[in-house]
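J.: Quick one: the structure is below, and I'll ask about it shortly.
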Amino acid sequence: MDRADSASADFKAGAPQAPLTLHIPPHHAGPGERPDYKDVPRFAAGAVARPDIAVPAQETHSLAYQLIRVLDDDGAATGEWNPTLDTATLQRGLRAMMLTRAYDERMFRQQRQGKISFYMKCTGEEAIGVGQALALAPDDMVFTTYRQQGLLIARGWPLLDMMCQCYSNSQDRMKGRQLPVLYSSKEASFFSISGNLGTQFPQAVGWAMASAYKGDRRIAAGWIGEGSTAEPDFHHALTFASVYRAPVILNVVNNQWAISSHQEIAGGEAATFAARAIGFGLACLRVDGNDLLAVYAATQWAAERARHNHGATLIELFTYRAAPHSTSDDPNRYRPEDEGKEWPLGDPIERLSRHLIRLGEWSGERQAQLESELADQVRETGRTAESYGTQENGPHFSAKTMFEDVFKETPWHLRRQRQELGV
Amino acid sequence: MDRADSASADFKAGAPQAPLTLHIPPHHAGPGERPDYKDVPRFAAGAVARPDIAVPAQETHSLAYQLIRVLDDDGAATGEWNPTLDTATLQRGLRAMMLTRAYDERMFRQQRQGKISFYMKCTGEEAIGVGQALALAPDDMVFTTYRQQGLLIARGWPLLDMMCQCYSNSQDRMKGRQLPVLYSSKEASFFSISGNLGTQFPQAVGWAMASAYKGDRRIAAGWIGEGSTAEPDFHHALTFASVYRAPVILNVVNNQWAISSHQEIAGGEAATFAARAIGFGLACLRVDGNDLLAVYAATQWAAERARHNHGATLIELFTYRAAPHSTSDDPNRYRPEDEGKEWPLGDPIERLSRHLIRLGEWSGERQAQLESELADQVRETGRTAESYGTQENGPHFSAKTMFEDVFKETPWHLRRQRQELGV
Amino acid sequence: MPAMTMVQALNSAMDVMLARDPNVVIFGEDVGFYGGVFRVTEGLQKKHGEQRVFDAPIAEGGMLAVAVGMGAYGLRPIVEIQFADYIYPATDQLVSEAARLRYRSGGEFWSPLTVRAPCGGGIFGGQTHSQSVEAVFTHVCGLKTVIPSNPYDAKGLLISAIEDDDPVVFFEPKRLYNGPFDGHPERPAVPWTQHPQSEVPEGYYNVPLGRAAVVREGTAATVLAYGTMVHVARAAAEESGIDAEIIDLRTLLPLDLDTIVASVKKTGRCVIAHEATRTCGFGAELAALVQEHCFYHLEAPIVRVTGWDTPYPHALEWEYFPGPKRVADGLRRVMET
Amino acid sequence: MPAMTMVQALNSAMDVMLARDPNVVIFGEDVGFYGGVFRVTEGLQKKHGEQRVFDAPIAEGGMLAVAVGMGAYGLRPIVEIQFADYIYPATDQLVSEAARLRYRSGGEFWSPLTVRAPCGGGIFGGQTHSQSVEAVFTHVCGLKTVIPSNPYDAKGLLISAIEDDDPVVFFEPKRLYNGPFDGHPERPAVPWTQHPQSEVPEGYYNVPLGRAAVVREGTAATVLAYGTMVHVARAAAEESGIDAEIIDLRTLLPLDLDTIVASVKKTGRCVIAHEATRTCGFGAELAALVQEHCFYHLEAPIVRVTGWDTPYPHALEWEYFPGPKRVADGLRRVMET
Ligand SMILES: Cc1ncc(C[n+]2csc(CCOP(=O)(O)OP(=O)(O)O)c2C)c(N)n1
Ligand SMILES: Cc1ncc(C[n+]2csc(CCOP(=O)(O)OP(=O)(O)O)c2C)c(N)n1
Ligand SMILES: [Mg+2]
Ligand SMILES: [Mg+2]
């Protein structure tokens with residue numbers, strides 16, 4: 001049998017006329033172009049059915065191509081997913097979102113003023129961190145990215161502590177070692193944020209496996225950006241969560257952009273990110289990330305499912321990164337300036353506020369009042385934080401702390417290096 | 001807002017009575033136990049519909065939970081997937097499978113006799129390498145694992161060359177550098193097999209992207225074991241194939257076992273491996289890997305789809321590793337001895353032979369005759385190969401070759417090391 | 001005391017720790033029902049249960065990630081990487097996460113995990129079953145790196161590694177699993193039973209990390225070695241007749257520099273032997289430290305006897321392996337002046 | 001000749017090669033439409049088209065795997081890793097595949113790819129935007145490692161790397177992208193225009209791999225440096241008044257040992273400076289080689305001035321960075337005897 005033979009007749013018959021072509025996803029609407037919202041799923045509030053938390057994962061898979069929404073454009077809450085939260089909880093959510101935004105505003109400006117080296121806002125995505133914090137138990141362990149500061153704030157963690165981390169000042173519990181916004185708080189069950197994308201996602205699965213191994217009742221939750229789902233960590237998280245039925249919630253925050261590349265580049269063109277769960281037999285939900293009630297309801301569903309030993313849920317939180325990627329970024333180089341303003345799913349704070357007003361539990365005046373109140377609070381706290389030092393002009397931790405915590409006990413070679421530095 | 005607040009009322013309500021438990025997939029039927037075939041899908045030959053090669057990927061997704069079969073138990077070929085191959089092709093396929101098995105038999109024994117260090121058989125999986133070789137063009141680039149030697153054989157690559165690689169003898173084109181069975185043949189469009197699992201899978205996608213970039217007509221195909229789908233490379237292959245619509249066939253050979261761990265440990269408990277494609281919007285097929293006609297038809301479908309720029313297809317080839325994992329393995333430590341014999345999908349050689357007999361194009365006598373003919377051929381070739389040396393009585397390359405091919409031109413430090421060795 | 005092979009000693013270390021500490025769990029490819037391709041975890045699942053010793057998907061990076069998460073919870077995971085050659089997919093989780101966690105969190109979180117991996121050649125495993133990758137990890141701050149050379153140390157060091165609150169990469173010279181190996185493949189294999197360090201207590205004990213052992217006292221020259229090369233160095237000393245002092249480093253990081261410096265100051269000569277490729281191998285760091293701390297005592301250039309800067313070739317295994325002859329040549333070279 | 005920044009010079013190198021060779025393609029995170037977070041690929045997609053310069057998913061390992069496959073086809077891919085700190089997920093494809101392919105296939109297949117990654121600190125990037133990881137790769141046989149220190153070399157070396165038929169890891173000191181940096185953050189930033197090596201031809205030329213450059217002749221001591229540290233070493237020489245001979249290695253592997261040895265034999269003293277952590281850093285290999293080849297000429301122990309064996313701390317950046325004062329101290333130490 002010589003090689004020529006092995007070409008099959010059928011192949012020759014089936015041969016196409018045209019040569020192969022390489023598909024490069026075209027860049028999404030760029031500067032000066034009209035915003036393009038064709039990828040934004042259109043689902044009416046209340047349109048999506050809510051399965052029982054104990055259903056086989058397969059029965060959730062059609063949800064990968066729907067969008068769970070509770071709040072309609074008039075601020076009414078409708079449908080099976082309506083968590084019917086009491087007013088106090090709704091107002092706490094609104095407050096936490098507004099506080100998060102006020103905090104972001106100030107810290108972003110601080111960077112512009114040179115007082116900190118770097119900052120990342122979550123503007124437009126506040127309903128995610130906040131809504132999920134409300135739906136989780138305070139001691140459920142969270143493995144977030146740098147864009148869920150709202151979660152830490154909603155858990156009531158002191159802004160002062162967060163600011164001190166950003167200033168790398170004398171009160172920074174991370175001793176000035178980490179880039180601003182890479183918070184850590186064991187007390188708040190908030191895992192140390194990594195600068196390496198994705199790594200936290202399978203770590204959350206490991207923590208959840210440990211909790212299950214111990215017969216604990218605490219679950220874990222991990223977050224990852226849609227762009228970072230291309231990293232191995234995403235695959236590992238889904239694989240291990242599937243194999244060991246880990247009690248974990250795996251959240252993909254699809255805010256459309258990964259710095260300058262749109263979600264198509266992450267593989268969002270041919271399938272949704274929620275759909276990634278299907279191939280692993282995990283439950284999945286796709287949620288309007290700008291609708292705090294929908295975010296709450298989906299998270300609460302997944303948490304209850306996990307707590308009852310029905311395993312992991314992948315939640316795609318569909319939202320929009322209204323802010324620049326970070327203080328190092330200039331979105332006007334790669335997307336239309338008005339893309340955010342016209343975002344079809346609106347602004348999470350406005351939407352919840354409208355809902356509360358509709359319930360007769362809120363008003364424009366109270367909104368304005370709370371806004372200035374929070375601005376004051378943030379300013380005051382900021383002043384206190386700055387009194388402990390800023391990244392720009394210290395005071396910082398002494399150079400000798402640089403050699404600590406590399407290991408539990410500092411070995412001889414690090415002690416020598418410290419002496420070499422003369423500290 | 002203090003931390004206590006942030007525990008949601010609903011969470012407390014929804015709290016389960018029972019603590020969390022960790023699910024460890026139980027070991028599949030072990031030694032002494034009855035074989036367990038509950039995972040083996042039962043589909044009649046011809047039962048699965050064949051979509052047009054140009055359909056949207058979504059229309060193939062239901063196939064992830066079916067099994068394409070053409071040959072029924074009586075050796076009749078039925079259904080839309082029947083490739084209706086001519087007798088010559090069928091006989092070539094049978095011959096190549098039998099030659100592959102004869103080759104494996106001898107080389108396995110050679111290891112037992114200490115003439116080579118290591119060997120891996122593909123017994124029971126011959127229809128995969130062989131059937132796919134027949135369906136692909138001879139110059140389509142293949143990135144295989146160590147278990148598709150049938151592909152190289154079906155492409156008519158000389159056994160002598162393969163044997164010399166296993167012996168690491170003077171005629172080994174790899175200069176004795178690689179473990180036996182890690183073949184490479186640029187001439188046969190057969191990529192160098194890696195000892196690191198999974199790495200070839202996204203490399204196949206890269207080769208396919210290059211072919212598309214060049215407006216070529218050659219496609220690529222990659223293979224990976226079901227166990228290795230847990231590696232990052234699998235995720236990368238699916239992601240890049242989806243984003244750039246690479247003209248590639250991604251084959252998952254599900255032979256049930258990864259050394260001693262059953263497919264559940266790789267994530268086969270909650271979903272099929274074909275289903276992994278769904279989350280990336282790739283086409284998928286699930287095939288009876290012991291049915292050469294089904295393997296051929298599925299591969300031919302995927303190849304034509306890729307050549308027409310409709311993108312990648314993930315094919316799960318459902319089969320059984322009838323042999324030990326390798327010469328280092330002892331399956332009787334972890335699975336029932338008769339698991340293979342009773343495999344519900346039968347033996348690929350017997351099934352194709354039965355088909356040819358039914359067509360009146362074959363007979364038990366011819367089968368027996370061909371078998372001894374091939375045994376002779378392998379023995380003869382083996383003798384010739386051994387005349388060039390065996391690993392046992394090697395090495396057959398001068399030590400100086402050890403320093404070559406690390407780089408295109410050998411840099412000074414390697415020349416010095418060669419001198420240090422005195423060669 | 002029973003005589004144990006290195007495989008048995010390592011198995012015993014994990015058995016002891018599983019019994020002592022409910023937070024110890026073991027997972028990896030084929031480690032559960034099967035007991036590992038080198039049988040190092042044999043019987044542990046049966047004895048301690050599936051919840052504590054279980055198979056993992058083939059995803060080294062996933063295993064490490066999960067181990068980091070488990071460590072943050074409070075467990076002490078032991079992860080087996082089937083061959084050190086396959087640790088690369090886990091690099092990011094090891095380097096960027098396990099090694100950095102304590103530092104970046106200001107001491108709030110850490111990774112008390114142990115990564116076990118068979119390393120080194122000598123079994124005709126070819127380039128993907130023979131590598132010695134220790135230097136990739138000794139360059140990473142926040143990781144400890146251990147390589148035992150005999151059953152007694154193997155058990156004691158593994159217990160220390162498991163109990164350590166920092167991540168430890170524990171490499172096991174696979175050529176020593178079932179018997180010592182002096183680098184003479186042509187000679188019949190010897191079992192561990194004839195080796196004094198195969199006497200291993202059945203219960204708990206430890207060998208502290210960070211301490212080297214002088215395994216042969218000598219005056220002519222110092223040989224720094226670890227793992228398989230400790231045995232090769234002994235053979236080289238005997239065969240060359242050069243009265244070498246041989247130091248088994250046991251822990252590469254933190255390194256026991258004092259023991260090294262004391263010896264080199266005494267002998268004035270130093271040979272460094274490892275199986276890993278030479279350039280930027282751990283021997284480079286040893287040479288840099290020795291010249292720094294013993295400069296005025298050195299009477300000859302430090303010589304490195306190592307694997308060549310090539311992949312580990314299958315058929316030319318013994319031309320690649322730095323055997324007794326090459327170590328003896330190294331000794332002769334340092335004795336020349 | 002126009003004055004170019006290092007960013008412009010690197011951009012020009014790729015522009016030239018895209019025009020000369022249809023097999024050159026560039027991909028990476030944000031390199032396409034946006035032109036890279038450091039603007040190194042700015043304008044290249046617009047000029048050469050989406051098929052040749054495009055964005056990739058955030059998967060460093062996937063990019064490398066795809067590049068290996070493209071290389072096997074016959075393309076010359078250039079992959080940008082956004083920060084060297086993020087190269088770890090690509091370790092397996094780089095080490096086990098790109099670096100080994102030619103060898104394991106007996107020369108049938110190879111990986112003519114170039115991996116570009118910004119490295120080093122000085123921009124308050126914290127531990128995940130400041131690392132110098134070169135030593136991880138110089139230990140791997142089959143990879144070449146390059147680190148330029150100025151625009152002229154950057155363009156010439158990158159062109160050589162792209163044309164090279166072996167895989168090249170090309171690290172770009174991000175602190176030098178837009179101006180030279182002598183390690184004095186308190187002084188106003190200087191632009192490249194005032195630096196002689198910012199004179200860069202617009203067209204094709206190359207700087208061969210494997211050749212170091214003596215950037216300052218001197219008689220008192222030899223300083224071995226690369227990347228940012230070349231400028232720091234110059235400042236240290238001026239400020240200490242010690243007449244140091246400064247060698248810019250440019251290519252770490254293959255290393256230009258002859259130039260190093262000639263200089264050290266002349267000066268009899270050697271300081272090695274790099275930003276990477278010390279233990280098992282590339283300085284260890286340099287020290288090992290220098291003591292081996294210049295043993296009888298050395299008048300003092302070789303001194304390594306490096307980053308500390310800790311992660312790169314955010315706020316204490318300048319306590320970590322081995323600035324001119326520390327290099328000067330190193331020079332003084334080697335001059336003591
Ligand atoms: C492993 C790794 N690769 C690259 C980067 C650089 N980087 C930081 S953020 C970012 C984009 C992430 O996008 P996405 O995951 O969508 O999260 P988002 O910023 O939109 O919340 C990139 C590429 C990194 N931090 N880590
Ligand atoms: C990265 C890596 N990890 C682990 C191994 C060791 N190993 C070799 S084969 C194998 C099992 C592979 O099983 P599967 O992918 O199902 O392929 P099969 O052998 O069944 O064809 C393992 C774990 C390896 N070669 N590479
Ligand atoms: Mg995003
Ligand atoms: Mg398998």
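Residue numbering restarts at 1 for every chain of the structure tokens, chains are lettered A, B, ... in their displayed order, and ligands are numbered from 1 as they appear.
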Which residues of chain D are close to chain C, meaning at most 6 Å apart when you count only C-alpha atoms, and how do they look as a list in words?
T.: Tyr88, Pro89, Thr91, Asp92, Val136, His139, Cys141, Thr279, Cys280, Ala284, Glu285, Ala287, Ala288, Glu292, Phe295, Pro301, Asp309 and Thr310 of chain D
J.: Would you output that residue set with N, CA, C and O atoms, as a PDB file, in the first residue's frame?
T.:
ATOM      1  N   TYR D  88       4.126  32.357  32.735  1.00  0.00           N
ATOM      2  CA  TYR D  88       4.108  31.032  33.370  1.00  0.00           C
ATOM      3  C   TYR D  88       3.076  30.066  32.785  1.00  0.00           C
ATOM      4  O   TYR D  88       3.359  28.881  32.626  1.00  0.00           O
ATOM      5  N   PRO D  89       1.871  30.527  32.469  1.00  0.00           N
ATOM      6  CA  PRO D  89       0.929  29.558  31.879  1.00  0.00           C
ATOM      7  C   PRO D  89       1.432  28.973  30.556  1.00  0.00           C
ATOM      8  O   PRO D  89       0.928  27.938  30.109  1.00  0.00           O
ATOM      9  N   THR D  91       4.589  28.052  30.104  1.00  0.00           N
ATOM     10  CA  THR D  91       5.831  27.328  30.367  1.00  0.00           C
ATOM     11  C   THR D  91       5.880  25.974  29.667  1.00  0.00           C
ATOM     12  O   THR D  91       6.861  25.645  29.003  1.00  0.00           O
ATOM     13  N   ASP D  92       4.817  25.191  29.793  1.00  0.00           N
ATOM     14  CA  ASP D  92       4.871  23.844  29.236  1.00  0.00           C
ATOM     15  C   ASP D  92       5.069  23.870  27.726  1.00  0.00           C
ATOM     16  O   ASP D  92       5.933  23.163  27.201  1.00  0.00           O
ATOM     17  N   VAL D 136      14.521  31.417  34.326  1.00  0.00           N
ATOM     18  CA  VAL D 136      13.684  30.226  34.155  1.00  0.00           C
ATOM     19  C   VAL D 136      13.939  29.631  32.768  1.00  0.00           C
ATOM     20  O   VAL D 136      13.936  28.418  32.588  1.00  0.00           O
ATOM     21  N   HIS D 139      17.767  28.245  31.700  1.00  0.00           N
ATOM     22  CA  HIS D 139      18.039  26.881  32.186  1.00  0.00           C
ATOM     23  C   HIS D 139      17.513  25.828  31.205  1.00  0.00           C
ATOM     24  O   HIS D 139      17.874  24.657  31.283  1.00  0.00           O
ATOM     25  N   CYS D 141      17.344  24.010  27.800  1.00  0.00           N
ATOM     26  CA  CYS D 141      18.096  23.853  26.562  1.00  0.00           C
ATOM     27  C   CYS D 141      17.130  23.932  25.373  1.00  0.00           C
ATOM     28  O   CYS D 141      16.021  23.429  25.430  1.00  0.00           O
ATOM     29  N   THR D 279      18.889  34.088  44.066  1.00  0.00           N
ATOM     30  CA  THR D 279      19.141  32.642  44.095  1.00  0.00           C
ATOM     31  C   THR D 279      18.752  31.991  42.768  1.00  0.00           C
ATOM     32  O   THR D 279      17.613  32.126  42.313  1.00  0.00           O
ATOM     33  N   CYS D 280      19.743  31.338  42.161  1.00  0.00           N
ATOM     34  CA  CYS D 280      19.535  30.689  40.861  1.00  0.00           C
ATOM     35  C   CYS D 280      19.155  31.666  39.762  1.00  0.00           C
ATOM     36  O   CYS D 280      18.595  31.266  38.738  1.00  0.00           O
ATOM     37  N   ALA D 284      24.009  33.696  38.856  1.00  0.00           N
ATOM     38  CA  ALA D 284      24.641  32.499  39.418  1.00  0.00           C
ATOM     39  C   ALA D 284      25.439  31.796  38.328  1.00  0.00           C
ATOM     40  O   ALA D 284      26.596  31.413  38.530  1.00  0.00           O
ATOM     41  N   GLU D 285      24.846  31.662  37.161  1.00  0.00           N
ATOM     42  CA  GLU D 285      25.551  31.009  36.043  1.00  0.00           C
ATOM     43  C   GLU D 285      26.765  31.846  35.641  1.00  0.00           C
ATOM     44  O   GLU D 285      27.851  31.303  35.412  1.00  0.00           O
ATOM     45  N   ALA D 287      28.519  33.849  37.507  1.00  0.00           N
ATOM     46  CA  ALA D 287      29.545  33.703  38.542  1.00  0.00           C
ATOM     47  C   ALA D 287      30.247  32.360  38.400  1.00  0.00           C
ATOM     48  O   ALA D 287      31.476  32.262  38.491  1.00  0.00           O
ATOM     49  N   ALA D 288      29.465  31.322  38.145  1.00  0.00           N
ATOM     50  CA  ALA D 288      30.054  29.985  38.001  1.00  0.00           C
ATOM     51  C   ALA D 288      31.015  29.945  36.820  1.00  0.00           C
ATOM     52  O   ALA D 288      32.111  29.384  36.908  1.00  0.00           O
ATOM     53  N   GLU D 292      35.169  29.756  36.892  1.00  0.00           N
ATOM     54  CA  GLU D 292      35.746  28.603  36.188  1.00  0.00           C
ATOM     55  C   GLU D 292      36.821  29.048  35.192  1.00  0.00           C
ATOM     56  O   GLU D 292      37.896  28.456  35.128  1.00  0.00           O
ATOM     57  N   PHE D 295      39.589  31.927  37.131  1.00  0.00           N
ATOM     58  CA  PHE D 295      39.971  31.652  38.510  1.00  0.00           C
ATOM     59  C   PHE D 295      41.308  32.280  38.888  1.00  0.00           C
ATOM     60  O   PHE D 295      41.437  32.954  39.901  1.00  0.00           O
ATOM     61  N   PRO D 301      36.399  38.027  45.453  1.00  0.00           N
ATOM     62  CA  PRO D 301      35.198  37.259  45.145  1.00  0.00           C
ATOM     63  C   PRO D 301      34.286  38.033  44.189  1.00  0.00           C
ATOM     64  O   PRO D 301      34.203  39.260  44.260  1.00  0.00           O
ATOM     65  N   ASP D 309      15.539  38.138  47.187  1.00  0.00           N
ATOM     66  CA  ASP D 309      14.754  36.901  47.014  1.00  0.00           C
ATOM     67  C   ASP D 309      13.365  37.036  47.641  1.00  0.00           C
ATOM     68  O   ASP D 309      12.979  36.262  48.523  1.00  0.00           O
ATOM     69  N   THR D 310      12.666  38.052  47.184  1.00  0.00           N
ATOM     70  CA  THR D 310      11.283  38.297  47.628  1.00  0.00           C
ATOM     71  C   THR D 310      10.479  38.685  46.392  1.00  0.00           C
ATOM     72  O   THR D 310      11.056  39.046  45.373  1.00  0.00           O
TER      73      THR D 310
END
J.: Got a sec to pull out which chain A residues are within 7 Å of chain C, counting only C-alpha atoms, and send them as an MDAnalysis selection string?
T.: chainID A and resid 173:175 177:178 184 186 192 199 202:207 210 213 233 236 405:408 411
J.: Using N, CA and C atoms, can you export the residues from the last selection as an mmCIF file, in the first residue's frame?
T.:
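As written to disk, result11.cif reads:
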data_model
loop_
_atom_site.group_PDB
_atom_site.id
_atom_site.type_symbol
_atom_site.label_atom_id
_atom_site.label_comp_id
_atom_site.auth_asym_id
_atom_site.auth_seq_id
_atom_site.Cartn_x
_atom_site.Cartn_y
_atom_site.Cartn_z
ATOM 1 N N ARG A 173 -2.741 46.513 55.628
ATOM 2 C CA ARG A 173 -2.455 45.177 56.171
ATOM 3 C C ARG A 173 -1.605 44.338 55.232
ATOM 4 N N MET A 174 -1.565 44.733 53.964
ATOM 5 C CA MET A 174 -0.709 44.006 53.015
ATOM 6 C C MET A 174 0.691 44.607 52.970
ATOM 7 N N LYS A 175 0.937 45.540 53.915
ATOM 8 C CA LYS A 175 2.288 46.098 54.089
ATOM 9 C C LYS A 175 2.857 46.724 52.817
ATOM 10 N N ARG A 177 2.686 45.781 49.841
ATOM 11 C CA ARG A 177 3.279 44.852 48.866
ATOM 12 C C ARG A 177 2.502 44.735 47.575
ATOM 13 N N GLN A 178 1.193 44.985 47.672
ATOM 14 C CA GLN A 178 0.339 44.725 46.523
ATOM 15 C C GLN A 178 -0.084 45.999 45.816
ATOM 16 N N SER A 184 -7.315 41.854 50.375
ATOM 17 C CA SER A 184 -7.393 40.548 51.015
ATOM 18 C C SER A 184 -7.997 40.749 52.389
ATOM 19 N N LYS A 186 -9.207 37.970 55.316
ATOM 20 C CA LYS A 186 -9.622 36.668 55.841
ATOM 21 C C LYS A 186 -10.854 36.856 56.723
ATOM 22 N N SER A 192 -7.376 36.703 49.086
ATOM 23 C CA SER A 192 -6.379 37.599 48.502
ATOM 24 C C SER A 192 -6.489 37.637 46.972
ATOM 25 N N THR A 199 -6.453 32.653 38.144
ATOM 26 C CA THR A 199 -5.943 31.668 39.110
ATOM 27 C C THR A 199 -6.920 31.388 40.253
ATOM 28 N N PRO A 202 -10.184 28.138 39.960
ATOM 29 C CA PRO A 202 -10.099 26.764 40.464
ATOM 30 C C PRO A 202 -9.721 26.702 41.947
ATOM 31 N N GLN A 203 -9.113 27.759 42.461
ATOM 32 C CA GLN A 203 -8.822 27.788 43.903
ATOM 33 C C GLN A 203 -10.137 27.785 44.678
ATOM 34 N N ALA A 204 -11.126 28.493 44.163
ATOM 35 C CA ALA A 204 -12.443 28.500 44.814
ATOM 36 C C ALA A 204 -13.009 27.084 44.853
ATOM 37 N N VAL A 205 -12.787 26.342 43.783
ATOM 38 C CA VAL A 205 -13.270 24.959 43.736
ATOM 39 C C VAL A 205 -12.546 24.129 44.803
ATOM 40 N N GLY A 206 -11.249 24.354 44.942
ATOM 41 C CA GLY A 206 -10.486 23.623 45.956
ATOM 42 C C GLY A 206 -10.968 23.940 47.365
ATOM 43 N N TRP A 207 -11.254 25.199 47.612
ATOM 44 C CA TRP A 207 -11.755 25.595 48.933
ATOM 45 C C TRP A 207 -13.102 24.919 49.184
ATOM 46 N N ALA A 210 -12.685 21.362 50.031
ATOM 47 C CA ALA A 210 -12.229 21.220 51.420
ATOM 48 C C ALA A 210 -13.411 21.373 52.378
ATOM 49 N N TYR A 213 -15.356 18.262 52.187
ATOM 50 C CA TYR A 213 -14.592 17.191 52.835
ATOM 51 C C TYR A 213 -14.778 17.259 54.351
ATOM 52 N N ASP A 233 -7.151 28.073 33.962
ATOM 53 C CA ASP A 233 -7.819 28.026 35.262
ATOM 54 C C ASP A 233 -9.331 27.851 35.131
ATOM 55 N N HIS A 236 -9.912 24.227 34.416
ATOM 56 C CA HIS A 236 -9.681 23.430 35.620
ATOM 57 C C HIS A 236 -10.845 23.563 36.599
ATOM 58 N N ASP A 405 7.392 37.338 55.572
ATOM 59 C CA ASP A 405 6.249 36.649 54.943
ATOM 60 C C ASP A 405 6.568 35.972 53.607
ATOM 61 N N VAL A 406 7.843 35.987 53.196
ATOM 62 C CA VAL A 406 8.180 35.179 52.027
ATOM 63 C C VAL A 406 8.007 33.716 52.453
ATOM 64 N N PHE A 407 8.496 33.462 53.663
ATOM 65 C CA PHE A 407 8.277 32.175 54.326
ATOM 66 C C PHE A 407 7.726 32.468 55.714
ATOM 67 N N LYS A 408 7.178 31.456 56.354
ATOM 68 C CA LYS A 408 6.663 31.654 57.713
ATOM 69 C C LYS A 408 7.788 32.128 58.621
ATOM 70 N N PRO A 411 14.332 32.629 56.400
ATOM 71 C CA PRO A 411 15.569 31.838 56.373
ATOM 72 C C PRO A 411 16.820 32.716 56.296
#
J.: Mind running chain A against ligand 3 at 8 Å and telling me each contacting residue's nearest atom pair with the distance in Å (one decimal), counting only C-alpha atoms and all ligand atoms, chain and number ascending, as a Markdown table?
T.:
| residue | atom | partner | partner_atom_place_in_ligand_line | distance |
| --- | --- | --- | --- | --- |
| A:Gly225 | CA | ligand 3 | 1 (Mg) | 4.7 |
| A:Glu226 | CA | ligand 3 | 1 (Mg) | 5.0 |
| A:Gly227 | CA | ligand 3 | 1 (Mg) | 5.2 |
| A:Ser228 | CA | ligand 3 | 1 (Mg) | 7.6 |
| A:Val253 | CA | ligand 3 | 1 (Mg) | 6.6 |
| A:Asn254 | CA | ligand 3 | 1 (Mg) | 5.4 |
| A:Asn255 | CA | ligand 3 | 1 (Mg) | 4.6 |
| A:Gln256 | CA | ligand 3 | 1 (Mg) | 5.4 |
| A:Trp257 | CA | ligand 3 | 1 (Mg) | 4.2 |
| A:Ala258 | CA | ligand 3 | 1 (Mg) | 4.2 |
| A:Ile259 | CA | ligand 3 | 1 (Mg) | 7.2 |
| A:His262 | CA | ligand 3 | 1 (Mg) | 7.9 |
| A:Gln263 | CA | ligand 3 | 1 (Mg) | 7.2 |
| A:Arg321 | CA | ligand 3 | 1 (Mg) | 7.1 |
J.: Please produce a file of those selected residues containing C-alpha atoms, as a PDB file, in the first residue's frame.
T.:
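again_10.pdb written:
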ATOM      1  CA  GLY A 225     -13.868  38.059  33.619  1.00  0.00           C
ATOM      2  CA  GLU A 226     -15.181  36.825  30.277  1.00  0.00           C
ATOM      3  CA  GLY A 227     -11.800  37.511  28.723  1.00  0.00           C
ATOM      4  CA  SER A 228     -10.038  35.386  31.302  1.00  0.00           C
ATOM      5  CA  VAL A 253     -18.568  38.552  34.611  1.00  0.00           C
ATOM      6  CA  ASN A 254     -19.150  39.327  30.964  1.00  0.00           C
ATOM      7  CA  ASN A 255     -18.653  43.074  30.822  1.00  0.00           C
ATOM      8  CA  GLN A 256     -18.074  42.852  27.055  1.00  0.00           C
ATOM      9  CA  TRP A 257     -14.474  44.009  27.151  1.00  0.00           C
ATOM     10  CA  ALA A 258     -11.061  42.622  28.095  1.00  0.00           C
ATOM     11  CA  ILE A 259      -9.048  45.816  28.006  1.00  0.00           C
ATOM     12  CA  HIS A 262     -14.316  42.542  22.796  1.00  0.00           C
ATOM     13  CA  GLN A 263     -15.881  39.306  24.016  1.00  0.00           C
ATOM     14  CA  ARG A 321     -17.587  47.870  31.763  1.00  0.00           C
TER      15      ARG A 321
END
